[in-house]
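Printed here is protein-v9.txt (compact mmCIF, C-alpha atoms):
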```
# COMPACT_ATOMS: atom_id res chain seq x y z
CA MET A 1 -10.08 52.82 -1.27
CA GLN A 2 -9.36 49.46 -2.90
CA LYS A 3 -6.86 49.63 -5.76
CA ILE A 4 -7.64 47.74 -8.97
CA ILE A 5 -6.07 47.51 -12.42
CA VAL A 6 -8.37 47.85 -15.44
CA LEU A 7 -7.32 46.70 -18.92
CA CYS A 8 -9.66 47.80 -21.69
CA GLY A 9 -9.73 48.34 -25.43
CA PRO A 10 -11.26 46.97 -28.62
CA THR A 11 -12.15 43.36 -29.28
CA ALA A 12 -9.34 41.19 -30.67
CA GLY A 13 -6.76 43.55 -29.18
CA GLY A 14 -4.93 40.99 -27.03
CA LYS A 15 -6.20 42.13 -23.62
CA THR A 16 -6.39 38.62 -22.16
CA LYS A 17 -2.81 37.72 -23.11
CA LEU A 18 -1.48 40.95 -21.62
CA ALA A 19 -3.60 40.59 -18.48
CA ILE A 20 -2.31 37.08 -17.78
CA ALA A 21 1.30 38.21 -18.10
CA LEU A 22 0.71 41.19 -15.79
CA ALA A 23 -1.31 39.17 -13.26
CA GLU A 24 1.61 36.76 -12.99
CA LYS A 25 3.98 39.68 -12.31
CA PHE A 26 1.77 41.31 -9.70
CA ASN A 27 0.23 38.30 -7.93
CA GLY A 28 -3.15 39.06 -9.44
CA GLU A 29 -6.39 37.40 -10.49
CA ILE A 30 -8.55 38.40 -13.45
CA ILE A 31 -12.16 39.54 -13.43
CA SER A 32 -13.71 39.50 -16.89
CA ALA A 33 -15.58 42.61 -18.07
CA ASP A 34 -16.88 40.97 -21.25
CA SER A 35 -20.65 40.72 -21.74
CA GLY A 36 -20.24 37.68 -24.00
CA GLN A 37 -18.12 35.63 -21.64
CA VAL A 38 -20.70 35.59 -18.84
CA TRP A 39 -22.66 32.97 -20.82
CA ARG A 40 -21.94 29.30 -20.25
CA GLU A 41 -21.46 27.25 -23.42
CA LEU A 42 -20.71 30.33 -25.56
CA ASP A 43 -17.02 29.56 -25.74
CA VAL A 44 -15.51 29.76 -29.23
CA GLY A 45 -17.40 32.85 -30.37
CA THR A 46 -16.63 34.86 -27.22
CA ALA A 47 -12.89 34.08 -27.26
CA LYS A 48 -12.88 32.85 -23.68
CA PRO A 49 -9.51 32.24 -22.04
CA THR A 50 -8.35 28.68 -22.62
CA PRO A 51 -8.33 26.08 -19.82
CA GLU A 52 -4.55 26.48 -19.74
CA ASP A 53 -4.92 30.25 -19.28
CA ARG A 54 -7.34 29.71 -16.41
CA ARG A 55 -4.96 27.28 -14.76
CA ARG A 56 -2.17 29.87 -14.96
CA ILE A 57 -4.30 32.65 -13.47
CA PRO A 58 -7.73 32.35 -11.79
CA HIS A 59 -10.47 34.06 -13.80
CA HIS A 60 -13.78 35.33 -12.42
CA LEU A 61 -17.16 36.25 -13.98
CA ILE A 62 -16.80 33.78 -16.83
CA ASP A 63 -19.56 31.14 -17.29
CA VAL A 64 -21.84 32.90 -14.82
CA VAL A 65 -25.30 32.16 -16.32
CA THR A 66 -26.89 29.80 -18.82
CA PRO A 67 -27.97 31.12 -22.25
CA GLY A 68 -31.60 30.80 -21.17
CA GLU A 69 -31.26 33.20 -18.24
CA HIS A 70 -31.32 36.99 -17.99
CA PHE A 71 -28.20 38.97 -17.09
CA ASP A 72 -27.63 42.71 -16.86
CA VAL A 73 -25.09 45.29 -15.75
CA SER A 74 -26.50 45.43 -12.23
CA HIS A 75 -25.89 41.70 -11.79
CA TYR A 76 -22.42 42.17 -13.21
CA CYS A 77 -21.55 44.93 -10.74
CA THR A 78 -22.75 42.91 -7.75
CA LEU A 79 -20.70 39.86 -8.75
CA ALA A 80 -17.62 41.92 -9.67
CA ASP A 81 -17.71 43.72 -6.29
CA LYS A 82 -17.76 40.34 -4.52
CA ALA A 83 -14.90 39.02 -6.65
CA ILE A 84 -12.76 42.12 -6.02
CA ALA A 85 -13.36 41.90 -2.27
CA ASP A 86 -12.47 38.20 -2.24
CA ILE A 87 -9.30 38.68 -4.30
CA ALA A 88 -8.15 41.59 -2.13
CA ARG A 89 -8.93 39.71 1.08
CA ARG A 90 -6.52 36.99 -0.04
CA GLY A 91 -3.79 39.56 -0.58
CA LYS A 92 -3.91 39.53 -4.39
CA MET A 93 -4.35 42.28 -6.98
CA PRO A 94 -7.66 42.46 -8.89
CA PHE A 95 -7.27 42.90 -12.66
CA VAL A 96 -10.55 43.82 -14.39
CA VAL A 97 -10.20 43.00 -18.08
CA GLY A 98 -12.57 43.48 -20.99
CA GLY A 99 -14.16 45.62 -23.62
CA THR A 100 -17.72 46.08 -22.32
CA GLY A 101 -17.63 49.77 -21.50
CA MET A 102 -20.90 49.82 -19.58
CA TYR A 103 -19.73 47.07 -17.24
CA LEU A 104 -16.57 49.04 -16.46
CA ARG A 105 -18.36 52.36 -16.02
CA VAL A 106 -20.91 50.94 -13.58
CA LEU A 107 -18.22 49.07 -11.67
CA LEU A 108 -16.12 52.22 -11.30
CA TYR A 109 -18.89 54.80 -10.76
CA GLY A 110 -22.08 52.95 -9.86
CA LEU A 111 -25.39 52.81 -11.68
CA CYS A 112 -26.64 55.80 -13.64
CA LYS A 113 -29.53 57.69 -11.96
CA ALA A 114 -31.75 57.43 -15.02
CA PRO A 115 -35.33 56.15 -14.55
CA LYS A 116 -35.74 52.42 -13.98
CA GLN A 117 -37.14 50.21 -16.71
CA ASP A 118 -40.86 50.46 -17.44
CA LEU A 119 -41.96 47.01 -18.62
CA ARG A 120 -45.19 48.26 -20.22
CA LEU A 121 -43.43 50.96 -22.22
CA ARG A 122 -40.62 48.62 -23.23
CA LYS A 123 -43.13 46.08 -24.49
CA LYS A 124 -44.73 48.73 -26.72
CA LEU A 125 -41.34 49.72 -28.13
CA GLU A 126 -40.40 46.08 -28.71
CA GLU A 127 -43.66 45.53 -30.59
CA ARG A 128 -42.89 48.49 -32.82
CA ILE A 129 -39.50 47.01 -33.64
CA LYS A 130 -41.05 43.63 -34.44
CA LYS A 131 -43.47 45.27 -36.85
CA GLY A 132 -41.26 47.84 -38.52
CA GLY A 133 -37.65 47.11 -37.58
CA SER A 134 -35.28 49.14 -35.44
CA GLU A 135 -34.23 51.75 -38.01
CA LYS A 136 -37.34 53.91 -37.56
CA LEU A 137 -36.93 53.96 -33.78
CA TYR A 138 -33.23 54.71 -34.19
CA GLN A 139 -34.10 57.77 -36.30
CA GLU A 140 -36.44 58.92 -33.53
CA LEU A 141 -33.61 58.48 -31.03
CA LYS A 142 -31.29 60.59 -33.22
CA LYS A 143 -33.74 63.48 -32.97
CA ILE A 144 -34.16 63.41 -29.18
CA ASP A 145 -30.71 62.15 -28.14
CA PRO A 146 -28.14 62.55 -30.93
CA ALA A 147 -25.23 62.11 -28.51
CA LEU A 148 -26.45 58.65 -27.54
CA ALA A 149 -27.39 57.66 -31.09
CA GLU A 150 -23.86 58.45 -32.28
CA LYS A 151 -22.44 55.87 -29.87
CA ILE A 152 -24.69 52.96 -30.76
CA SER A 153 -25.65 50.91 -33.78
CA PRO A 154 -29.14 51.21 -35.34
CA ASN A 155 -29.30 47.43 -34.86
CA ASP A 156 -28.65 47.65 -31.12
CA LYS A 157 -32.30 47.22 -30.20
CA THR A 158 -31.68 47.06 -26.46
CA ARG A 159 -29.95 50.43 -26.26
CA VAL A 160 -32.27 52.11 -28.78
CA ILE A 161 -35.22 51.06 -26.65
CA ARG A 162 -33.51 52.22 -23.48
CA GLY A 163 -32.79 55.64 -24.99
CA LEU A 164 -36.40 56.15 -26.06
CA GLU A 165 -37.70 54.78 -22.77
CA VAL A 166 -35.67 57.21 -20.64
CA TYR A 167 -36.73 60.20 -22.71
CA GLU A 168 -40.39 59.17 -22.47
CA LEU A 169 -40.19 58.71 -18.69
CA ALA A 170 -37.95 61.63 -17.73
CA GLY A 171 -38.34 64.13 -20.56
CA ALA A 172 -34.54 64.26 -20.75
CA PRO A 173 -32.05 62.34 -22.90
CA LEU A 174 -30.21 59.34 -21.49
CA SER A 175 -26.91 60.93 -22.57
CA ALA A 176 -27.57 63.77 -20.09
CA PHE A 177 -27.89 61.27 -17.26
CA GLN A 178 -24.72 59.59 -18.46
CA GLU A 179 -22.82 62.88 -18.45
CA GLU A 180 -23.98 63.58 -14.91
CA HIS A 181 -22.94 60.06 -14.00
CA LYS A 182 -19.36 60.86 -15.01
CA LEU A 183 -19.19 63.40 -12.18
CA GLN A 184 -19.84 60.77 -9.51
CA LYS A 185 -17.00 59.85 -7.19
CA PRO A 186 -15.22 56.61 -8.15
CA ARG A 187 -15.97 53.45 -6.20
CA TYR A 188 -12.41 52.14 -6.63
CA ASP A 189 -8.92 53.58 -6.97
CA ALA A 190 -8.38 52.31 -10.50
CA LEU A 191 -5.49 52.48 -12.92
CA GLN A 192 -7.09 52.17 -16.36
CA ILE A 193 -4.82 50.99 -19.16
CA GLY A 194 -6.21 50.92 -22.70
CA LEU A 195 -4.78 49.11 -25.72
CA SER A 196 -4.91 51.33 -28.79
CA PHE A 197 -4.59 50.29 -32.44
CA ASP A 198 -4.91 52.08 -35.74
CA ARG A 199 -8.02 51.16 -37.71
CA ALA A 200 -6.26 48.94 -40.26
CA ALA A 201 -4.50 46.91 -37.57
CA ILE A 202 -7.61 46.12 -35.55
CA ARG A 203 -9.59 45.25 -38.68
CA GLU A 204 -6.90 42.77 -39.69
CA ARG A 205 -6.86 41.24 -36.21
CA ILE A 206 -10.66 40.87 -36.29
CA ASP A 207 -10.56 39.14 -39.69
CA LYS A 208 -7.97 36.66 -38.43
CA ARG A 209 -9.86 35.99 -35.21
CA VAL A 210 -13.19 35.34 -36.95
CA ASP A 211 -11.49 33.01 -39.46
CA TRP A 212 -9.88 31.13 -36.56
CA MET A 213 -13.18 30.82 -34.72
CA ILE A 214 -14.91 29.44 -37.79
CA ALA A 215 -12.12 26.92 -38.36
CA ASN A 216 -12.20 25.83 -34.72
CA GLY A 217 -15.80 24.78 -34.25
CA TRP A 218 -17.90 27.92 -33.86
CA GLY A 219 -20.63 26.61 -36.15
CA GLU A 220 -20.87 23.30 -34.29
CA GLU A 221 -21.00 25.16 -30.99
CA VAL A 222 -24.02 27.16 -32.16
CA ARG A 223 -25.68 24.05 -33.61
CA GLU A 224 -25.48 22.39 -30.18
CA LEU A 225 -26.73 25.49 -28.36
CA LEU A 226 -29.82 25.68 -30.57
CA LYS A 227 -30.84 22.19 -29.44
CA PHE A 228 -31.48 23.59 -25.96
CA TYR A 229 -31.91 27.37 -26.25
CA SER A 230 -33.90 29.76 -28.41
CA ALA A 231 -32.15 31.97 -30.95
CA ALA A 232 -34.28 34.77 -29.46
CA SER A 233 -32.60 34.46 -26.04
CA GLN A 234 -30.46 37.27 -24.66
CA ALA A 235 -27.26 35.27 -25.11
CA PHE A 236 -27.79 35.13 -28.88
CA LYS A 237 -27.48 38.92 -29.05
CA THR A 238 -23.74 38.35 -28.69
CA ILE A 239 -22.10 39.22 -32.03
CA GLY A 240 -21.89 36.27 -34.37
CA TYR A 241 -24.41 33.96 -32.73
CA LYS A 242 -27.42 35.51 -34.41
CA GLN A 243 -25.65 35.31 -37.79
CA TRP A 244 -24.72 31.68 -37.21
CA ALA A 245 -28.32 30.83 -36.27
CA ALA A 246 -29.52 32.36 -39.55
CA HIS A 247 -26.91 30.37 -41.48
CA LEU A 248 -27.96 27.13 -39.81
CA ARG A 249 -31.56 27.87 -40.80
CA GLY A 250 -30.33 28.03 -44.40
CA GLU A 251 -30.82 31.78 -44.79
CA ASN A 252 -27.22 32.72 -45.67
CA SER A 253 -24.14 31.06 -47.10
CA LEU A 254 -21.11 30.45 -44.90
CA GLU A 255 -19.18 33.08 -46.86
CA LYS A 256 -21.89 35.69 -46.34
CA THR A 257 -22.19 34.75 -42.67
CA ALA A 258 -18.46 35.17 -42.09
CA GLY A 259 -18.49 38.51 -43.89
CA GLU A 260 -21.41 39.78 -41.83
CA ILE A 261 -19.79 38.70 -38.55
CA LYS A 262 -16.58 40.51 -39.50
CA LYS A 263 -18.52 43.61 -40.48
CA GLN A 264 -20.50 43.67 -37.22
CA THR A 265 -17.39 43.02 -35.13
CA LYS A 266 -15.49 45.87 -36.78
CA ALA A 267 -18.41 48.23 -36.18
CA PHE A 268 -18.46 47.09 -32.55
CA ALA A 269 -14.71 47.75 -32.18
CA LYS A 270 -15.23 51.26 -33.53
CA ARG A 271 -17.98 51.91 -30.98
CA GLN A 272 -15.77 50.55 -28.21
CA MET A 273 -13.00 52.98 -29.06
CA THR A 274 -15.45 55.90 -29.24
CA TRP A 275 -16.68 54.96 -25.78
CA PHE A 276 -13.23 54.51 -24.22
CA LYS A 277 -11.64 57.55 -25.87
CA ALA A 278 -14.22 59.69 -24.08
CA ASP A 279 -12.71 58.62 -20.74
CA LYS A 280 -9.74 60.94 -20.18
CA SER A 281 -8.49 58.92 -17.21
CA ILE A 282 -7.42 55.97 -19.39
CA LEU A 283 -3.69 55.58 -19.97
CA TRP A 284 -3.31 54.49 -23.59
CA VAL A 285 -0.70 51.95 -24.61
CA PRO A 286 0.00 51.39 -28.32
CA GLY A 287 -0.93 47.82 -29.23
CA ASP A 288 2.27 45.94 -29.98
CA ASP A 289 2.80 42.42 -31.27
CA ASP A 290 6.03 42.40 -29.26
CA GLN A 291 4.54 41.09 -26.03
CA LYS A 292 7.63 41.85 -23.94
CA ASN A 293 7.57 45.55 -24.87
CA LEU A 294 3.86 45.74 -24.09
CA VAL A 295 4.21 43.99 -20.73
CA ASP A 296 7.19 46.13 -19.71
CA PHE A 297 5.40 49.37 -20.63
CA ALA A 298 2.25 48.44 -18.71
CA ALA A 299 4.20 47.04 -15.76
CA ASP A 300 6.08 50.33 -15.31
CA SER A 301 2.75 52.14 -15.03
CA ILE A 302 1.43 49.62 -12.52
CA HIS A 303 4.57 49.89 -10.38
CA ARG A 304 4.11 53.66 -10.21
CA PHE A 305 0.41 53.30 -9.42
CA LEU A 306 1.11 50.89 -6.58
CA GLY A 307 4.01 53.00 -5.31
CA ARG A 308 6.49 50.20 -5.66
CA ALA A 309 10.06 50.30 -6.88
CA ARG A 310 10.51 48.06 -9.89
CA ALA A 311 12.36 44.85 -9.08
```
Written as structure tokens, that's how I'd like the structure from this file.
Amino acid sequence: MQKIIVLCGPTAGGKTKLAIALAEKFNGEIISADSGQVWRELDVGTAKPTPEDRRRIPHHLIDVVTPGEHFDVSHYCTLADKAIADIARRGKMPFVVGGTGMYLRVLLYGLCKAPKQDLRLRKKLEERIKKGGSEKLYQELKKIDPALAEKISPNDKTRVIRGLEVYELAGAPLSAFQEEHKLQKPRYDALQIGLSFDRAAIRERIDKRVDWMIANGWGEEVRELLKFYSAASQAFKTIGYKQWAAHLRGENSLEKTAGEIKKQTKAFAKRQMTWFKADKSILWVPGDDDQKNLVDFAADSIHRFLGRARA
């Protein structure tokens, strides 16, 4: 079974920086597992690796589709499988890095056996959200699938709809299918390393990152995107882009926009940690601003996983 290294954890946790250092040590290449970074032209607000970073270490599954296209976890898994096979064929170590838990779960265990999407039913649910908002549907989801509702935001329309859709089609909650999915045999021999932070630390890191993004052209990036793509496109569901679009329409002040982005990002980080903490196979590493300590700690684990003596 192909060995891979997975680095996961909350947004703004420094996964990319750590992954680059480790990939250099272990002759690796990086495969992104970030649902925001698949979109071309969404650069500042998704914290993509810099051109310098990409010159140091090859990165895959970044800039995969245009903001006007559709992309889902099935597409991600297909492309990630190809990238892993290519990297391994060239004698290098695949590092899968990101915070999109669903991407990682499907890559490691395959697709969940829940019913496929029903376009007619989804359209009805989407119409209900347009008319009355997502909160009412979220409350319905809490009644039929409280385990799923606890993991997602009431504003996460896509996952609220999916939860209701599965229950309507199968008469069973999506969370039950997800629990069954955990029992599937892994598709890869993976060492999963997670970066862990206390709540105050990750909130501070998020505040600093959002401030940096705003100061480094995020608003102008969104302004240019809206010349060619609709704010209703799938890409604009990425945190921050919807808020920026509203600001550019004159609906909110810059201060309010920044505050809302920070709030949504912190809520997202909390959901990420809830998701990852449920996976008992993840080896947790305390987030540390001392990069050398962090790299050494993770490298020791990788050496053991690969059965190598440390040089």
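Distances to Leu111 in chain A were evaluated for A:Leu183, A:Val73, A:Val295, A:Leu283 using only C-alpha atoms, and the minimum falls at A:Val73.
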For Gly101 in chain A, which of A:Ser134, A:Thr11, A:Gln291, A:Ser196 is the closest residue, counting all atoms listed in the file? A:Thr11
Please write as a list in words the list of polymer residues whose atoms come within 9 Å of (-3.6, 53.8, -15.2), counting only C-alpha atoms and keeping to the coordinates of the file. Ile5, Val6, Leu7, Ala190, Leu191, Gln192, Ile193, Gly194, Ser281, Ile282, Leu283, Trp284, Ala298, Ser301, Ile302 and Phe305 of chain A
Write the residues of the selection above to a file with C-alpha atoms, as a PDB file, keeping the file's coordinate frame.
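Written out: result.pdb:
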```pdb
ATOM      1  CA  ILE A   5      -6.070  47.510 -12.420  1.00  0.00           C
ATOM      2  CA  VAL A   6      -8.370  47.850 -15.440  1.00  0.00           C
ATOM      3  CA  LEU A   7      -7.320  46.700 -18.920  1.00  0.00           C
ATOM      4  CA  ALA A 190      -8.380  52.310 -10.500  1.00  0.00           C
ATOM      5  CA  LEU A 191      -5.490  52.480 -12.920  1.00  0.00           C
ATOM      6  CA  GLN A 192      -7.090  52.170 -16.360  1.00  0.00           C
ATOM      7  CA  ILE A 193      -4.820  50.990 -19.160  1.00  0.00           C
ATOM      8  CA  GLY A 194      -6.210  50.920 -22.700  1.00  0.00           C
ATOM      9  CA  SER A 281      -8.490  58.920 -17.210  1.00  0.00           C
ATOM     10  CA  ILE A 282      -7.420  55.970 -19.390  1.00  0.00           C
ATOM     11  CA  LEU A 283      -3.690  55.580 -19.970  1.00  0.00           C
ATOM     12  CA  TRP A 284      -3.310  54.490 -23.590  1.00  0.00           C
ATOM     13  CA  ALA A 298       2.250  48.440 -18.710  1.00  0.00           C
ATOM     14  CA  SER A 301       2.750  52.140 -15.030  1.00  0.00           C
ATOM     15  CA  ILE A 302       1.430  49.620 -12.520  1.00  0.00           C
ATOM     16  CA  PHE A 305       0.410  53.300  -9.420  1.00  0.00           C
TER      17      PHE A 305
END
```
Quick one: residues within 12 Å of Ala85 in chain A, all atoms listed in the file, excluding same-chain residues fewer than 3 positions away - as a PyMOL selection string? chain A and resi 1-4+29+31+78-82+88-94+188
Just write the chosen residues, C-alpha atoms, as a short mmCIF file (atom, residue, chain, number, x, y, z; two decimals), in the coordinates of the input.
```
data_model
loop_
_atom_site.label_atom_id
_atom_site.label_comp_id
_atom_site.auth_asym_id
_atom_site.auth_seq_id
_atom_site.Cartn_x
_atom_site.Cartn_y
_atom_site.Cartn_z
CA MET A 1 -10.08 52.82 -1.27
CA GLN A 2 -9.36 49.46 -2.90
CA LYS A 3 -6.86 49.63 -5.76
CA ILE A 4 -7.64 47.74 -8.97
CA GLU A 29 -6.39 37.40 -10.49
CA ILE A 31 -12.16 39.54 -13.43
CA THR A 78 -22.75 42.91 -7.75
CA LEU A 79 -20.70 39.86 -8.75
CA ALA A 80 -17.62 41.92 -9.67
CA ASP A 81 -17.71 43.72 -6.29
CA LYS A 82 -17.76 40.34 -4.52
CA ALA A 88 -8.15 41.59 -2.13
CA ARG A 89 -8.93 39.71 1.08
CA ARG A 90 -6.52 36.99 -0.04
CA GLY A 91 -3.79 39.56 -0.58
CA LYS A 92 -3.91 39.53 -4.39
CA MET A 93 -4.35 42.28 -6.98
CA PRO A 94 -7.66 42.46 -8.89
CA TYR A 188 -12.41 52.14 -6.63
#
```
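Interatomic distance, CA of Glu135 in chain A against CA of His181 in chain A: 27.8 Å.
Candidate residues A:Val222, A:Leu22, A:Leu164, A:Leu119 were compared for distance to Gln139 in chain A, and the nearest is A:Leu164, using only C-alpha atoms.
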CA of Asp53 in chain A and CA of Ala267 in chain A are how many Å apart? 28.1 Å
CA of Leu137 in chain A to CA of Ile261 in chain A, straight-line distance in Å: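 Pair CA of Ile261 in chain A / CA of Leu137 in chain A returns 23.4 Å.
Residues within 8 Å of Tyr103 in chain A, counting only C-alpha atoms and excluding same-chain residues fewer than 5 positions away, are Ala33, Asp34, Ser35, Val73, Tyr76 and Cys77 of chain A.
Distance annotation: of A:Ala245, A:Gln272, A:Gly9, A:Ala232, the residue with the minimal separation from Val97 in chain A is A:Gly9; atom set is only C-alpha atoms.
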Residues within 8 Å of range 254-257 of chain A, all atoms listed in the file, excluding chain neighbours under 6 positions, as a PyMOL selection string: chain A and resi 243-244+247
Deliver the residues from the most recent selection as a file, using C-alpha atoms, as a CSV table (one decimal), keeping the file's coordinate frame.
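Contents of out_17.csv, as written:
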```csv
chain,number,residue,atom,x,y,z
A,243,GLN,CA,-25.6,35.3,-37.8
A,244,TRP,CA,-24.7,31.7,-37.2
A,247,HIS,CA,-26.9,30.4,-41.5
```
Which of A:Leu141, A:Val38, A:Ile239, A:Ala21 sits closest to Val64 in chain A [using all atoms listed in the file]: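 The answer is A:Val38, which sits nearest to Val64 in chain A.
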Around range 179-185 of chain A, fit a box with edges along x, y and z, padding it by 3 Å on each side, then list its centre and edge lengths in Å to one decimal as JSON.
```
{"center_x": -20.5, "center_y": 61.7, "center_z": -12.8, "size_x": 13.0, "size_y": 9.7, "size_z": 17.3}
```
With a distance cut-off of 12 Å and all atoms listed in the file, select the neighbouring residues of Asp156 in chain A, excluding the residue or stretch itself and same-chain residues fewer than 4 positions from it, and output the selection as a ChimeraX atom specification. /A:129,133-135,137-138,141,148-152,160-163,237-239,264,267-268,271
Residue nearest Lys48 in chain A among A:Ala215, A:Ala83, A:Ala12, A:Ala299 (counting all atoms listed in the file):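 Of A:Ala215, A:Ala83, A:Ala12, A:Ala299, the one nearest Lys48 in chain A, counting all atoms listed in the file, is A:Ala12.
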Scan for residues within 8 Å of the point (-11.2, 43.6, -29.5) in the coordinates of the file, using all atoms listed in the file, and reply as number ranges by chain. A: 9-15, 99, 202, 206, 269
Pick out the residues sitting within 9 Å of Ile20 in chain A, and hand them over as a PyMOL selection string; count only C-alpha atoms, and ignore anything fewer than 3 positions along from it in its own chain. chain A and resi 15-17+23-25+28-30+53+56-57
Atoms to include: C-alpha atoms. Write the selected residues as an mmCIF file, in the coordinates of the input.
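Done, and the output landed in again_11.cif:
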```cif
data_model
loop_
_atom_site.group_PDB
_atom_site.id
_atom_site.type_symbol
_atom_site.label_atom_id
_atom_site.label_comp_id
_atom_site.auth_asym_id
_atom_site.auth_seq_id
_atom_site.Cartn_x
_atom_site.Cartn_y
_atom_site.Cartn_z
ATOM 1 C CA LYS A 15 -6.200 42.130 -23.620
ATOM 2 C CA THR A 16 -6.390 38.620 -22.160
ATOM 3 C CA LYS A 17 -2.810 37.720 -23.110
ATOM 4 C CA ALA A 23 -1.310 39.170 -13.260
ATOM 5 C CA GLU A 24 1.610 36.760 -12.990
ATOM 6 C CA LYS A 25 3.980 39.680 -12.310
ATOM 7 C CA GLY A 28 -3.150 39.060 -9.440
ATOM 8 C CA GLU A 29 -6.390 37.400 -10.490
ATOM 9 C CA ILE A 30 -8.550 38.400 -13.450
ATOM 10 C CA ASP A 53 -4.920 30.250 -19.280
ATOM 11 C CA ARG A 56 -2.170 29.870 -14.960
ATOM 12 C CA ILE A 57 -4.300 32.650 -13.470
#
```
